[in-house]
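What follows is one structure encoded as structure tokens, with my remarks underneath.
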Protein chains: 2
Amino acid sequence: MSQSLDRALTLLSGLAREPKTLDQLAEEIGVHKSTVLRLLRTLETHHFVRREGQRYYRLGSALFDLAQQALEDRDVRRTAQSALAGLNARTGHTIHLASYEDGEVVYIDKFEGRHSVRMYSRIGKRAPLHCTAVGKVLVAAMTPEKQADVVSRIDFFVRTPNTITTPEAYEKELALVADRGYAVDNAEHEDFIHCIAAPVRGPGGVVLAAASISVPKVLLDYDGLMGLVPELVAATEEASVHSGWTGNRKGKLE
Amino acid sequence: MSQSLDRALTLLSGLAREPKTLDQLAEEIGVHKSTVLRLLRTLETHHFVRREGQRYYRLGSALFDLAQQALEDRDVRRTAQSALAGLNARTGHTIHLASYEDGEVVYIDKFEGRHSVRMYSRIGKRAPLHCTAVGKVLVAAMTPEKQADVVSRIDFFVRTPNTITTPEAYEKELALVADRGYAVDNAEHEDFIHCIAAPVRGPGGVVLAAASISVPKVLLDYDGLMGLVPELVAATEEASVHSGWTGNRKGKLE
DNA sequence: ACCTCGGTTGCGTATGTTGCAACGGACGTT
DNA sequence: AACGTCCGTTGCAACATACGCAACCGAGGT
């Protein structure tokens with residue numbers, strides 16, 4: 001582990017929230033400000049940070065650049081785009097596209113809902129596997145060995161009264177998800193929001209990502225949410241076809 | 001300058017293009033692979049890179065995350081969004097939003113054109129000041145001192161037969177831009193593309209960014225492009241109003 | 001004109017980082 | 001099945017590098 005690199009990356013996350021001064025940053029990571037200055041200068045020459053005026057530092061454009069390229073890498077994102085945009089347009093709700101990464105869920109695309117009550121999330125944000133609909137879909141699609149391994153590592157911390165808290169209950173839920181072909185998050189992650197999610201498949205039926213509809217409970221009750229399942233599944237199947245899925249097996253994950 | 005940080009950031013740019021193996025990366029920056037391994041591990045714990053399979057490394061999700069936050073910072077982007085989306089919808093051409101940063105132009109937003117011939121660009125990408133319409137708008141809006149300083153640092157390298165190659169010609173062009181309130185790039189950057197750009201203003205009339213329409217010459221000749229000026233200006237004025245511009249002085253930059 | 005606050009610089013030292021060389025696991029080949 | 005190759009991985013010793021320090025400087029505010 002490289003100390004200076006570690007510090008520099010920590011600086012970047014620190015700058016994400018808001019522009020900061022040298023001293024603030026030095027304090028934050030607990031080193032001398034001259035050290036921070038040198039790191040910032042290196043980051044600056046690579047355009048990872050930029051100076052605002054004389055004292056403030058903020059994130060730079062290299063981040064956009066790399067991120068954009070990293071996103072272009074993820075083909076699902078492009079191939080699923082139109083189907084999900086359509087779903088978003090038809091339902092007016094927030095749509096997320098997420099993939100599994102290293103014990104968590106990562107949002108790789110988002111289509112903002114039209115309602116004033118919005119969910120706080122962001123492309124690149126990470127979320128837990130055990131209390132999100134997309135997480136369930138992604139884990140349910142894994143091979144039994146991988147799934148067992150992943151589940152064994154999950155920390156089933158409580159987010160809401162509905163959060164699943166045991167591996168046993170989670171595995172039961174996964175079986176249900178695999179059987180039905182979609183997953184539900186009944187306010188298990190955020191108190192006021194519930195979601196449904198379904199898989200986006202690629203060649204050979206492999207699950208590339210999961211797409212979800214997130215709706216504030218005040219807008220739509222549980223039954224109303226379930227009423228959106230057919231539309232969600234239709235959209236994810238369309239996205240799957242665009243992503244190279246040729247199979248036609250109905251629903252079921254395996 | 002921090003050596004290890006510098007190397008790590010170089011690694012990231014190297015990974016942008018395509019996933020690479022440890023050895024490839026080591027070769028690329030000319031260090032021992034164990035060194036690269038340690039850097040990558042640090043980058044990995046911060047989610048700046050992720051491993052694909054056992055051997056390949058690619059960019060990770062922290063990049064999206066930071067970039068997204070950095071973009072949210074730039075208010076112009078949000079405030080100009082609807083006006084530019086409308087312009088894009090009406091014209092079907094590619095729209096860019098760009099701001100000045102450190103001797104270059106940085107694209108901070110992009111609306112893809114509907115035509116099959118597309119321009120290669122990307123959010124976060126940088127471009128020169130002297131051969132882009134957005135560059136001209138941004139430089140023309142600077143105070144005389146700042147402008148003189150910036151112009152003196154420009155490297156007037158040639159991109160196409162039309163590229164402006166002397167400070168004198170460029171300054172003459174800037175005066176024209178300031179007078180008309182918009183700028184033209186007559187295939188000075190890319191041989192087959194020409195653009196027009198106009199400023200997006202904020203409170204007090206300060207220029208926050210420049211918006212441009214880029215059109216392949218095969219789709220629209222010079223006169224056709226100039227015909228789009230009123231629409232562009234209408235859109236940038238709308239964007240300016242959303243960005244806090246209260247002035248009503250017509251056109252002119254100062 | 002003084003004071004404070006924050007960024008900047010040069011320097012000696014200790015520490016973190018480096019390259020080396022040897023290890024080990026995964027594939028592919030004969 | 002055994003061998004060989006290809007990569008990623010580890011421990012170690014040497015050294016370069018990044019570190020903290022303390023003094024300097026410039027801008028704003030009082």
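The way I read the labels, and the way they are meant: chains A, B, ... in the order of the structure tokens, residue 1 as the first residue of every chain, and ligand 1 as the first ligand shown, with later ones counted on from there.
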Original post:
If you count only C-alpha atoms (C1' of nucleotides), which residues fall within 12 Å of region 213-224 of chain B, apart from same-chain ones fewer than 3 positions away, as a PyMOL selection string?
Top reply: chain B and resi 84-85+87-98+110-121+132-134+182-187+189-198+210+227-233+235-236
Neighbours of chain A in chain D at 8 Å, counting only C-alpha atoms (C1' of nucleotides), as a PDB file with C-alpha atoms (C1' of nucleotides), in the first residue's frame:
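Full text of out.pdb as output:
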ATOM      1  C1'  DA D  18       8.428  12.137   0.486  1.00  0.00           C
ATOM      2  C1'  DC D  19       8.054  14.000   4.969  1.00  0.00           C
ATOM      3  C1'  DG D  20       7.778  17.560   8.774  1.00  0.00           C
TER       4       DG D  20
END
Subject >> Spatial neighbours of Gly103 (chain A), 8 Å, only C-alpha atoms (C1' of nucleotides), chain gap at least 3 places, as an MDAnalysis selection string >> reply: chainID A and resid 100 128:129 150 153:154
What residues in region 5-251 of chain A get the DSSP label helix (DSSP H, G or I)? Please answer as a compact mmCIF listing (two decimals) with N, CA and C atoms, in the first residue's frame.
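In the end it all went to states.txt:
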# COMPACT_ATOMS: atom_id res chain seq x y z
N LEU A 5 0.02 7.87 -2.18
CA LEU A 5 -1.12 7.68 -3.08
C LEU A 5 -2.40 7.58 -2.27
N ASP A 6 -2.34 6.82 -1.21
CA ASP A 6 -3.50 6.67 -0.35
C ASP A 6 -3.98 8.03 0.13
N ARG A 7 -3.03 8.83 0.58
CA ARG A 7 -3.39 10.16 1.06
C ARG A 7 -4.00 11.01 -0.05
N ALA A 8 -3.41 10.92 -1.21
CA ALA A 8 -3.90 11.73 -2.34
C ALA A 8 -5.33 11.34 -2.69
N LEU A 9 -5.60 10.05 -2.70
CA LEU A 9 -6.95 9.61 -3.06
C LEU A 9 -7.95 10.03 -1.99
N THR A 10 -7.49 10.00 -0.74
CA THR A 10 -8.35 10.47 0.34
C THR A 10 -8.65 11.96 0.16
N LEU A 11 -7.64 12.69 -0.27
CA LEU A 11 -7.86 14.11 -0.55
C LEU A 11 -8.96 14.30 -1.57
N LEU A 12 -8.90 13.51 -2.62
CA LEU A 12 -9.90 13.64 -3.69
C LEU A 12 -11.31 13.43 -3.14
N SER A 13 -11.49 12.37 -2.36
CA SER A 13 -12.83 12.15 -1.81
C SER A 13 -13.23 13.32 -0.93
N GLY A 14 -12.26 13.86 -0.21
CA GLY A 14 -12.55 15.00 0.65
C GLY A 14 -12.99 16.21 -0.15
N LEU A 15 -12.41 16.37 -1.32
CA LEU A 15 -12.75 17.51 -2.17
C LEU A 15 -14.09 17.33 -2.87
N ALA A 16 -14.56 16.10 -2.89
CA ALA A 16 -15.78 15.83 -3.64
C ALA A 16 -16.93 16.67 -3.12
N ARG A 17 -17.04 16.72 -1.80
CA ARG A 17 -18.16 17.43 -1.20
C ARG A 17 -18.15 18.91 -1.55
N LEU A 22 -5.99 24.52 1.62
CA LEU A 22 -4.86 23.68 1.97
C LEU A 22 -4.91 23.23 3.42
N ASP A 23 -5.11 24.17 4.31
CA ASP A 23 -5.10 23.85 5.74
C ASP A 23 -6.20 22.88 6.11
N GLN A 24 -7.37 23.13 5.59
CA GLN A 24 -8.49 22.22 5.85
C GLN A 24 -8.12 20.80 5.47
N LEU A 25 -7.56 20.67 4.26
CA LEU A 25 -7.21 19.35 3.76
C LEU A 25 -6.13 18.72 4.63
N ALA A 26 -5.15 19.53 5.01
CA ALA A 26 -4.06 19.01 5.84
C ALA A 26 -4.61 18.47 7.16
N GLU A 27 -5.50 19.24 7.73
CA GLU A 27 -6.11 18.82 8.99
C GLU A 27 -6.88 17.52 8.79
N GLU A 28 -7.64 17.48 7.72
CA GLU A 28 -8.51 16.35 7.46
C GLU A 28 -7.75 15.02 7.41
N ILE A 29 -6.60 15.02 6.76
CA ILE A 29 -5.88 13.75 6.67
C ILE A 29 -4.72 13.70 7.66
N LYS A 33 0.86 20.65 6.10
CA LYS A 33 0.29 21.25 4.89
C LYS A 33 1.25 21.26 3.70
N SER A 34 2.54 21.27 3.99
CA SER A 34 3.46 21.25 2.85
C SER A 34 3.35 19.91 2.11
N THR A 35 3.10 18.87 2.85
CA THR A 35 2.89 17.56 2.23
C THR A 35 1.67 17.61 1.32
N VAL A 36 0.60 18.16 1.85
CA VAL A 36 -0.62 18.27 1.06
C VAL A 36 -0.37 19.10 -0.19
N LEU A 37 0.38 20.18 -0.03
CA LEU A 37 0.67 21.04 -1.16
C LEU A 37 1.32 20.27 -2.30
N ARG A 38 2.30 19.45 -1.94
CA ARG A 38 3.00 18.67 -2.98
C ARG A 38 2.07 17.69 -3.67
N LEU A 39 1.24 17.04 -2.87
CA LEU A 39 0.28 16.10 -3.47
C LEU A 39 -0.67 16.84 -4.41
N LEU A 40 -1.16 17.97 -3.94
CA LEU A 40 -2.11 18.73 -4.75
C LEU A 40 -1.47 19.19 -6.04
N ARG A 41 -0.21 19.57 -5.95
CA ARG A 41 0.46 20.01 -7.17
C ARG A 41 0.54 18.90 -8.20
N THR A 42 0.85 17.72 -7.71
CA THR A 42 0.91 16.59 -8.64
C THR A 42 -0.48 16.31 -9.21
N LEU A 43 -1.47 16.33 -8.36
CA LEU A 43 -2.83 16.11 -8.83
C LEU A 43 -3.23 17.18 -9.83
N GLU A 44 -2.72 18.38 -9.60
CA GLU A 44 -3.10 19.50 -10.46
C GLU A 44 -2.49 19.35 -11.86
N THR A 45 -1.24 18.91 -11.92
CA THR A 45 -0.64 18.77 -13.25
C THR A 45 -1.36 17.71 -14.06
N SER A 61 -10.93 18.35 -14.15
CA SER A 61 -11.65 17.78 -15.28
C SER A 61 -11.16 16.39 -15.68
N ALA A 62 -9.97 16.02 -15.24
CA ALA A 62 -9.51 14.67 -15.59
C ALA A 62 -10.48 13.63 -15.07
N LEU A 63 -11.13 13.97 -13.96
CA LEU A 63 -12.11 13.06 -13.40
C LEU A 63 -13.25 12.82 -14.38
N PHE A 64 -13.77 13.91 -14.94
CA PHE A 64 -14.86 13.74 -15.91
C PHE A 64 -14.40 12.86 -17.04
N ASP A 65 -13.20 13.20 -17.48
CA ASP A 65 -12.68 12.55 -18.66
C ASP A 65 -12.56 11.05 -18.44
N LEU A 66 -11.87 10.68 -17.38
CA LEU A 66 -11.70 9.26 -17.09
C LEU A 66 -13.04 8.58 -16.85
N ALA A 67 -13.89 9.25 -16.08
CA ALA A 67 -15.17 8.64 -15.73
C ALA A 67 -15.97 8.36 -17.00
N GLN A 68 -15.94 9.34 -17.89
CA GLN A 68 -16.68 9.18 -19.13
C GLN A 68 -16.18 7.97 -19.90
N GLN A 69 -14.87 7.86 -19.95
CA GLN A 69 -14.30 6.72 -20.66
C GLN A 69 -14.60 5.42 -19.96
N ALA A 70 -14.56 5.45 -18.64
CA ALA A 70 -14.85 4.23 -17.89
C ALA A 70 -16.30 3.81 -18.11
N LEU A 71 -17.16 4.80 -18.22
CA LEU A 71 -18.57 4.48 -18.45
C LEU A 71 -18.78 3.92 -19.85
N GLU A 72 -18.06 4.50 -20.80
CA GLU A 72 -18.22 4.01 -22.17
C GLU A 72 -17.82 2.55 -22.26
N ASP A 73 -16.87 2.17 -21.41
CA ASP A 73 -16.45 0.78 -21.33
C ASP A 73 -17.60 -0.16 -21.06
N ASP A 75 -20.55 -1.61 -21.63
CA ASP A 75 -21.45 -1.65 -22.77
C ASP A 75 -22.92 -1.70 -22.41
N VAL A 76 -23.23 -2.41 -21.32
CA VAL A 76 -24.65 -2.49 -20.93
C VAL A 76 -25.29 -1.13 -20.87
N ARG A 77 -24.50 -0.21 -20.40
CA ARG A 77 -25.03 1.12 -20.20
C ARG A 77 -25.58 1.68 -21.52
N ARG A 78 -24.79 1.52 -22.55
CA ARG A 78 -25.19 2.04 -23.86
C ARG A 78 -26.34 1.23 -24.43
N THR A 79 -26.19 -0.09 -24.34
CA THR A 79 -27.20 -0.94 -24.98
C THR A 79 -28.55 -0.86 -24.26
N ALA A 80 -28.51 -0.61 -22.96
CA ALA A 80 -29.77 -0.59 -22.21
C ALA A 80 -30.44 0.79 -22.24
N GLN A 81 -29.66 1.76 -22.64
CA GLN A 81 -30.11 3.14 -22.55
C GLN A 81 -31.52 3.42 -23.06
N SER A 82 -31.77 3.05 -24.31
CA SER A 82 -33.04 3.47 -24.89
C SER A 82 -34.23 2.80 -24.21
N ALA A 83 -34.07 1.52 -23.88
CA ALA A 83 -35.17 0.83 -23.22
C ALA A 83 -35.49 1.46 -21.87
N LEU A 84 -34.43 1.81 -21.14
CA LEU A 84 -34.65 2.38 -19.81
C LEU A 84 -35.18 3.81 -19.89
N ALA A 85 -34.68 4.56 -20.88
CA ALA A 85 -35.19 5.92 -21.06
C ALA A 85 -36.68 5.86 -21.35
N GLY A 86 -37.07 4.87 -22.14
CA GLY A 86 -38.49 4.70 -22.46
C GLY A 86 -39.31 4.39 -21.21
N LEU A 87 -38.78 3.48 -20.42
CA LEU A 87 -39.46 3.11 -19.17
C LEU A 87 -39.63 4.33 -18.28
N ASN A 88 -38.57 5.12 -18.21
CA ASN A 88 -38.58 6.34 -17.42
C ASN A 88 -39.63 7.31 -17.93
N ALA A 89 -39.69 7.44 -19.24
CA ALA A 89 -40.64 8.37 -19.85
C ALA A 89 -42.08 7.92 -19.59
N ARG A 90 -42.30 6.62 -19.71
CA ARG A 90 -43.67 6.09 -19.54
C ARG A 90 -44.15 6.16 -18.11
N THR A 91 -43.26 5.81 -17.16
CA THR A 91 -43.71 5.73 -15.77
C THR A 91 -43.49 7.03 -15.00
N ALA A 133 -33.22 -3.90 -4.25
CA ALA A 133 -33.80 -4.82 -5.22
C ALA A 133 -32.75 -5.22 -6.26
N VAL A 134 -31.97 -4.26 -6.70
CA VAL A 134 -30.94 -4.59 -7.69
C VAL A 134 -29.92 -5.56 -7.12
N GLY A 135 -29.58 -5.37 -5.86
CA GLY A 135 -28.65 -6.29 -5.21
C GLY A 135 -29.18 -7.71 -5.23
N LYS A 136 -30.42 -7.85 -4.89
CA LYS A 136 -31.02 -9.20 -4.88
C LYS A 136 -30.97 -9.85 -6.25
N VAL A 137 -31.31 -9.06 -7.26
CA VAL A 137 -31.30 -9.60 -8.62
C VAL A 137 -29.90 -10.08 -9.01
N LEU A 138 -28.93 -9.24 -8.70
CA LEU A 138 -27.56 -9.56 -9.11
C LEU A 138 -27.02 -10.78 -8.37
N VAL A 139 -27.30 -10.87 -7.09
CA VAL A 139 -26.81 -12.01 -6.31
C VAL A 139 -27.57 -13.28 -6.70
N ALA A 140 -28.86 -13.13 -6.94
CA ALA A 140 -29.67 -14.30 -7.30
C ALA A 140 -29.20 -14.92 -8.61
N PRO A 144 -24.27 -20.99 -7.79
CA PRO A 144 -24.46 -21.32 -6.37
C PRO A 144 -23.20 -21.11 -5.52
N GLU A 145 -22.04 -21.47 -6.04
CA GLU A 145 -20.81 -21.33 -5.25
C GLU A 145 -20.50 -19.85 -4.99
N LYS A 146 -20.50 -19.10 -6.09
CA LYS A 146 -20.23 -17.67 -5.97
C LYS A 146 -21.24 -17.02 -5.03
N GLN A 147 -22.49 -17.41 -5.22
CA GLN A 147 -23.54 -16.83 -4.40
C GLN A 147 -23.29 -17.11 -2.91
N ALA A 148 -22.95 -18.36 -2.60
CA ALA A 148 -22.70 -18.73 -1.21
C ALA A 148 -21.56 -17.89 -0.65
N ASP A 149 -20.53 -17.77 -1.46
CA ASP A 149 -19.37 -17.00 -1.02
C ASP A 149 -19.74 -15.55 -0.75
N VAL A 150 -20.43 -14.96 -1.72
CA VAL A 150 -20.81 -13.55 -1.58
C VAL A 150 -21.72 -13.34 -0.37
N VAL A 151 -22.70 -14.23 -0.24
CA VAL A 151 -23.65 -14.08 0.88
C VAL A 151 -22.92 -14.18 2.21
N SER A 152 -21.94 -15.07 2.27
CA SER A 152 -21.23 -15.26 3.54
C SER A 152 -20.46 -14.02 3.96
N ARG A 153 -20.17 -13.18 2.99
CA ARG A 153 -19.42 -11.97 3.32
C ARG A 153 -20.30 -10.76 3.63
N PRO A 167 -28.66 -14.36 6.91
CA PRO A 167 -28.33 -15.03 5.66
C PRO A 167 -29.43 -16.00 5.23
N GLU A 168 -30.04 -16.64 6.21
CA GLU A 168 -31.08 -17.62 5.89
C GLU A 168 -32.25 -16.94 5.19
N ALA A 169 -32.73 -15.87 5.80
CA ALA A 169 -33.86 -15.15 5.21
C ALA A 169 -33.48 -14.61 3.83
N TYR A 170 -32.22 -14.17 3.71
CA TYR A 170 -31.78 -13.60 2.44
C TYR A 170 -31.75 -14.67 1.36
N GLU A 171 -31.27 -15.84 1.73
CA GLU A 171 -31.20 -16.90 0.73
C GLU A 171 -32.59 -17.36 0.28
N LYS A 172 -33.50 -17.35 1.21
CA LYS A 172 -34.88 -17.68 0.88
C LYS A 172 -35.42 -16.65 -0.12
N GLU A 173 -35.14 -15.40 0.19
CA GLU A 173 -35.56 -14.30 -0.69
C GLU A 173 -34.94 -14.46 -2.08
N LEU A 174 -33.66 -14.84 -2.13
CA LEU A 174 -32.98 -15.00 -3.41
C LEU A 174 -33.66 -16.08 -4.26
N ALA A 175 -34.05 -17.16 -3.58
CA ALA A 175 -34.72 -18.25 -4.30
C ALA A 175 -36.01 -17.73 -4.93
N LEU A 176 -36.71 -16.92 -4.16
CA LEU A 176 -37.96 -16.33 -4.64
C LEU A 176 -37.70 -15.44 -5.85
N VAL A 177 -36.66 -14.63 -5.73
CA VAL A 177 -36.29 -13.72 -6.82
C VAL A 177 -35.96 -14.51 -8.08
N ALA A 178 -35.16 -15.56 -7.90
CA ALA A 178 -34.75 -16.37 -9.05
C ALA A 178 -35.97 -16.99 -9.71
N ASP A 179 -36.91 -17.38 -8.89
CA ASP A 179 -38.11 -18.03 -9.41
C ASP A 179 -39.01 -17.07 -10.17
N ARG A 180 -39.19 -15.87 -9.60
CA ARG A 180 -40.12 -14.93 -10.21
C ARG A 180 -39.49 -14.13 -11.34
N PRO A 203 -25.44 -11.96 -24.10
CA PRO A 203 -25.29 -13.21 -24.86
C PRO A 203 -25.26 -14.42 -23.91
N GLY A 204 -25.99 -15.44 -24.25
CA GLY A 204 -25.98 -16.64 -23.42
C GLY A 204 -26.79 -16.51 -22.15
N GLY A 205 -27.46 -15.38 -22.00
CA GLY A 205 -28.33 -15.24 -20.84
C GLY A 205 -27.64 -14.75 -19.58
N TYR A 222 -47.92 -0.46 -2.19
CA TYR A 222 -47.26 -1.71 -2.57
C TYR A 222 -47.92 -2.36 -3.79
N ASP A 223 -49.24 -2.41 -3.78
CA ASP A 223 -49.94 -3.04 -4.91
C ASP A 223 -49.71 -2.27 -6.19
N GLY A 224 -49.71 -0.95 -6.06
CA GLY A 224 -49.44 -0.11 -7.23
C GLY A 224 -48.06 -0.40 -7.79
N LEU A 225 -47.10 -0.55 -6.89
CA LEU A 225 -45.73 -0.84 -7.32
C LEU A 225 -45.69 -2.17 -8.07
N MET A 226 -46.37 -3.17 -7.51
CA MET A 226 -46.37 -4.48 -8.15
C MET A 226 -47.02 -4.42 -9.53
N VAL A 229 -44.60 -4.15 -12.39
CA VAL A 229 -43.68 -5.25 -12.73
C VAL A 229 -43.70 -5.61 -14.22
N PRO A 230 -44.87 -5.79 -14.80
CA PRO A 230 -44.86 -6.16 -16.23
C PRO A 230 -44.14 -5.14 -17.09
N GLU A 231 -44.33 -3.88 -16.79
CA GLU A 231 -43.67 -2.85 -17.59
C GLU A 231 -42.16 -2.89 -17.40
N LEU A 232 -41.74 -3.10 -16.16
CA LEU A 232 -40.31 -3.20 -15.87
C LEU A 232 -39.70 -4.37 -16.63
N VAL A 233 -40.37 -5.51 -16.54
CA VAL A 233 -39.84 -6.72 -17.17
C VAL A 233 -39.79 -6.53 -18.69
N ALA A 234 -40.81 -5.91 -19.23
CA ALA A 234 -40.82 -5.67 -20.68
C ALA A 234 -39.60 -4.82 -21.07
N ALA A 235 -39.33 -3.80 -20.25
CA ALA A 235 -38.21 -2.90 -20.56
C ALA A 235 -36.88 -3.62 -20.42
N THR A 236 -36.72 -4.42 -19.36
CA THR A 236 -35.44 -5.11 -19.18
C THR A 236 -35.26 -6.17 -20.27
N GLU A 237 -36.34 -6.74 -20.74
CA GLU A 237 -36.19 -7.71 -21.82
C GLU A 237 -35.79 -7.01 -23.12
N GLU A 238 -36.36 -5.85 -23.33
CA GLU A 238 -35.96 -5.07 -24.49
C GLU A 238 -34.48 -4.70 -24.39
N ALA A 239 -34.09 -4.26 -23.20
CA ALA A 239 -32.68 -3.90 -22.98
C ALA A 239 -31.80 -5.13 -23.20
N SER A 240 -32.27 -6.27 -22.76
CA SER A 240 -31.49 -7.51 -22.91
C SER A 240 -31.28 -7.85 -24.38
N VAL A 241 -32.32 -7.69 -25.15
CA VAL A 241 -32.21 -7.98 -26.58
C VAL A 241 -31.17 -7.07 -27.21
N HIS A 242 -31.21 -5.80 -26.86
CA HIS A 242 -30.22 -4.85 -27.37
C HIS A 242 -28.81 -5.18 -26.89
Original post:
So which residues touch region 2-4 of chain D within 12 Å, counting only C-alpha atoms (C1' of nucleotides), skipping near sequence neighbours fewer than 4 positions away, as an MDAnalysis selection string?
Top reply: chainID C and resid 27:30
Output file for the selection above: N, CA and C atoms (P, O5', C5', C4', C3', O3' and C1' of nucleotides), as a PDB file, in the first residue's frame:
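What landed in part.pdb:
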ATOM      1  P    DC C  27      -7.385 -20.935 -14.841  1.00  0.00           P
ATOM      2  O5'  DC C  27      -6.925 -21.460 -16.254  1.00  0.00           O
ATOM      3  C5'  DC C  27      -5.581 -21.960 -16.378  1.00  0.00           C
ATOM      4  C4'  DC C  27      -4.977 -21.467 -17.661  1.00  0.00           C
ATOM      5  C3'  DC C  27      -5.400 -22.301 -18.865  1.00  0.00           C
ATOM      6  O3'  DC C  27      -5.252 -21.553 -20.059  1.00  0.00           O
ATOM      7  C1'  DC C  27      -3.146 -22.781 -18.269  1.00  0.00           C
ATOM      8  P    DG C  28      -5.947 -22.082 -21.382  1.00  0.00           P
ATOM      9  O5'  DG C  28      -4.707 -22.311 -22.365  1.00  0.00           O
ATOM     10  C5'  DG C  28      -3.423 -22.514 -21.800  1.00  0.00           C
ATOM     11  C4'  DG C  28      -2.433 -22.995 -22.814  1.00  0.00           C
ATOM     12  C3'  DG C  28      -2.964 -23.928 -23.902  1.00  0.00           C
ATOM     13  O3'  DG C  28      -2.003 -23.949 -24.964  1.00  0.00           O
ATOM     14  C1'  DG C  28      -1.757 -25.192 -22.317  1.00  0.00           C
ATOM     15  P    DT C  29      -2.137 -24.751 -26.277  1.00  0.00           P
ATOM     16  O5'  DT C  29      -0.796 -25.581 -26.408  1.00  0.00           O
ATOM     17  C5'  DT C  29       0.363 -25.181 -25.641  1.00  0.00           C
ATOM     18  C4'  DT C  29       1.358 -26.343 -25.583  1.00  0.00           C
ATOM     19  C3'  DT C  29       1.177 -27.430 -26.656  1.00  0.00           C
ATOM     20  O3'  DT C  29       2.449 -27.779 -27.186  1.00  0.00           O
ATOM     21  C1'  DT C  29       1.113 -28.412 -24.500  1.00  0.00           C
ATOM     22  P    DT C  30       2.592 -28.625 -28.525  1.00  0.00           P
ATOM     23  O5'  DT C  30       3.451 -29.899 -28.091  1.00  0.00           O
ATOM     24  C5'  DT C  30       4.513 -29.767 -27.127  1.00  0.00           C
ATOM     25  C4'  DT C  30       4.834 -31.152 -26.575  1.00  0.00           C
ATOM     26  C3'  DT C  30       4.667 -32.286 -27.591  1.00  0.00           C
ATOM     27  O3'  DT C  30       5.796 -33.134 -27.538  1.00  0.00           O
ATOM     28  C1'  DT C  30       3.419 -32.768 -25.642  1.00  0.00           C
TER      29       DT C  30
END
Would you mind listing, for every residue of chain C within 9 Å of chain A, the two atoms forming the shortest contact and the distance between them in Å to one decimal, using only C-alpha atoms (C1' of nucleotides), sorted by chain and ascending residue number, as a Markdown table?
| residue | atom | partner | partner_atom | distance |
| --- | --- | --- | --- | --- |
| C:DG6 | C1' | A:Asp23 | CA | 7.6 |
| C:DG7 | C1' | A:Arg55 | CA | 7.6 |
| C:DT8 | C1' | A:Ser34 | CA | 8.3 |
| C:DG16 | C1' | A:Gln3 | CA | 7.3 |
| C:DT17 | C1' | A:Ser2 | CA | 7.6 |
Writing out the chosen residues with C-alpha atoms (C1' of nucleotides) as a JSON list (two decimals), in the first residue's frame:
[["chain", "number", "residue", "atom", "x", "y", "z"],
["C", 6, "DG", "C1'", -2.78, 30.92, 4.40],
["C", 7, "DG", "C1'", 0.21, 29.49, 0.83],
["C", 8, "DT", "C1'", 5.17, 28.65, -0.44],
["C", 16, "DG", "C1'", 8.19, 4.71, 2.58],
["C", 17, "DT", "C1'", 8.89, 3.01, -1.74]]
Subject >> Separation of CA of Pro161 (chain B) from CA of Cys131 (chain B) in Å >> reply: 11.1 Å
**OP:** Mind giving me the straight-line distance from CA of Ala211 (chain A) to CA of Pro199 (chain A) in Å, one decimal?
**Re:**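 If I compute the distance from CA of Ala211 (chain A) to CA of Pro199 (chain A), I get 6.3 Å.
For the pair CA of Gly181 (chain A) and CA of Val200 (chain A), the interatomic distance is 10.8 Å.
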**OP:** Find the spatial neighbours of DG10 (chain C), counting only C-alpha atoms (C1' of nucleotides), within a cut-off of 12 Å - ignore same-chain residues fewer than 2 positions away - and output them as a ChimeraX atom specification.
**Re:** /A:34 /C:8,12 /D:21-24
Original post:
From the set B:Phe48, B:Trp245, B:Phe157, B:Tyr57, which residue has the shortest atom-to-atom contact distance to chain A, counting only C-alpha atoms?
Top reply: B:Phe48
Original post:
Near DC3 (chain C), counting only C-alpha atoms (C1' of nucleotides), which residues have an atom at most 12 Å away, once you skip same-chain residues fewer than 3 positions from it, shown as a ChimeraX atom specification?
Top reply: /D:28-30
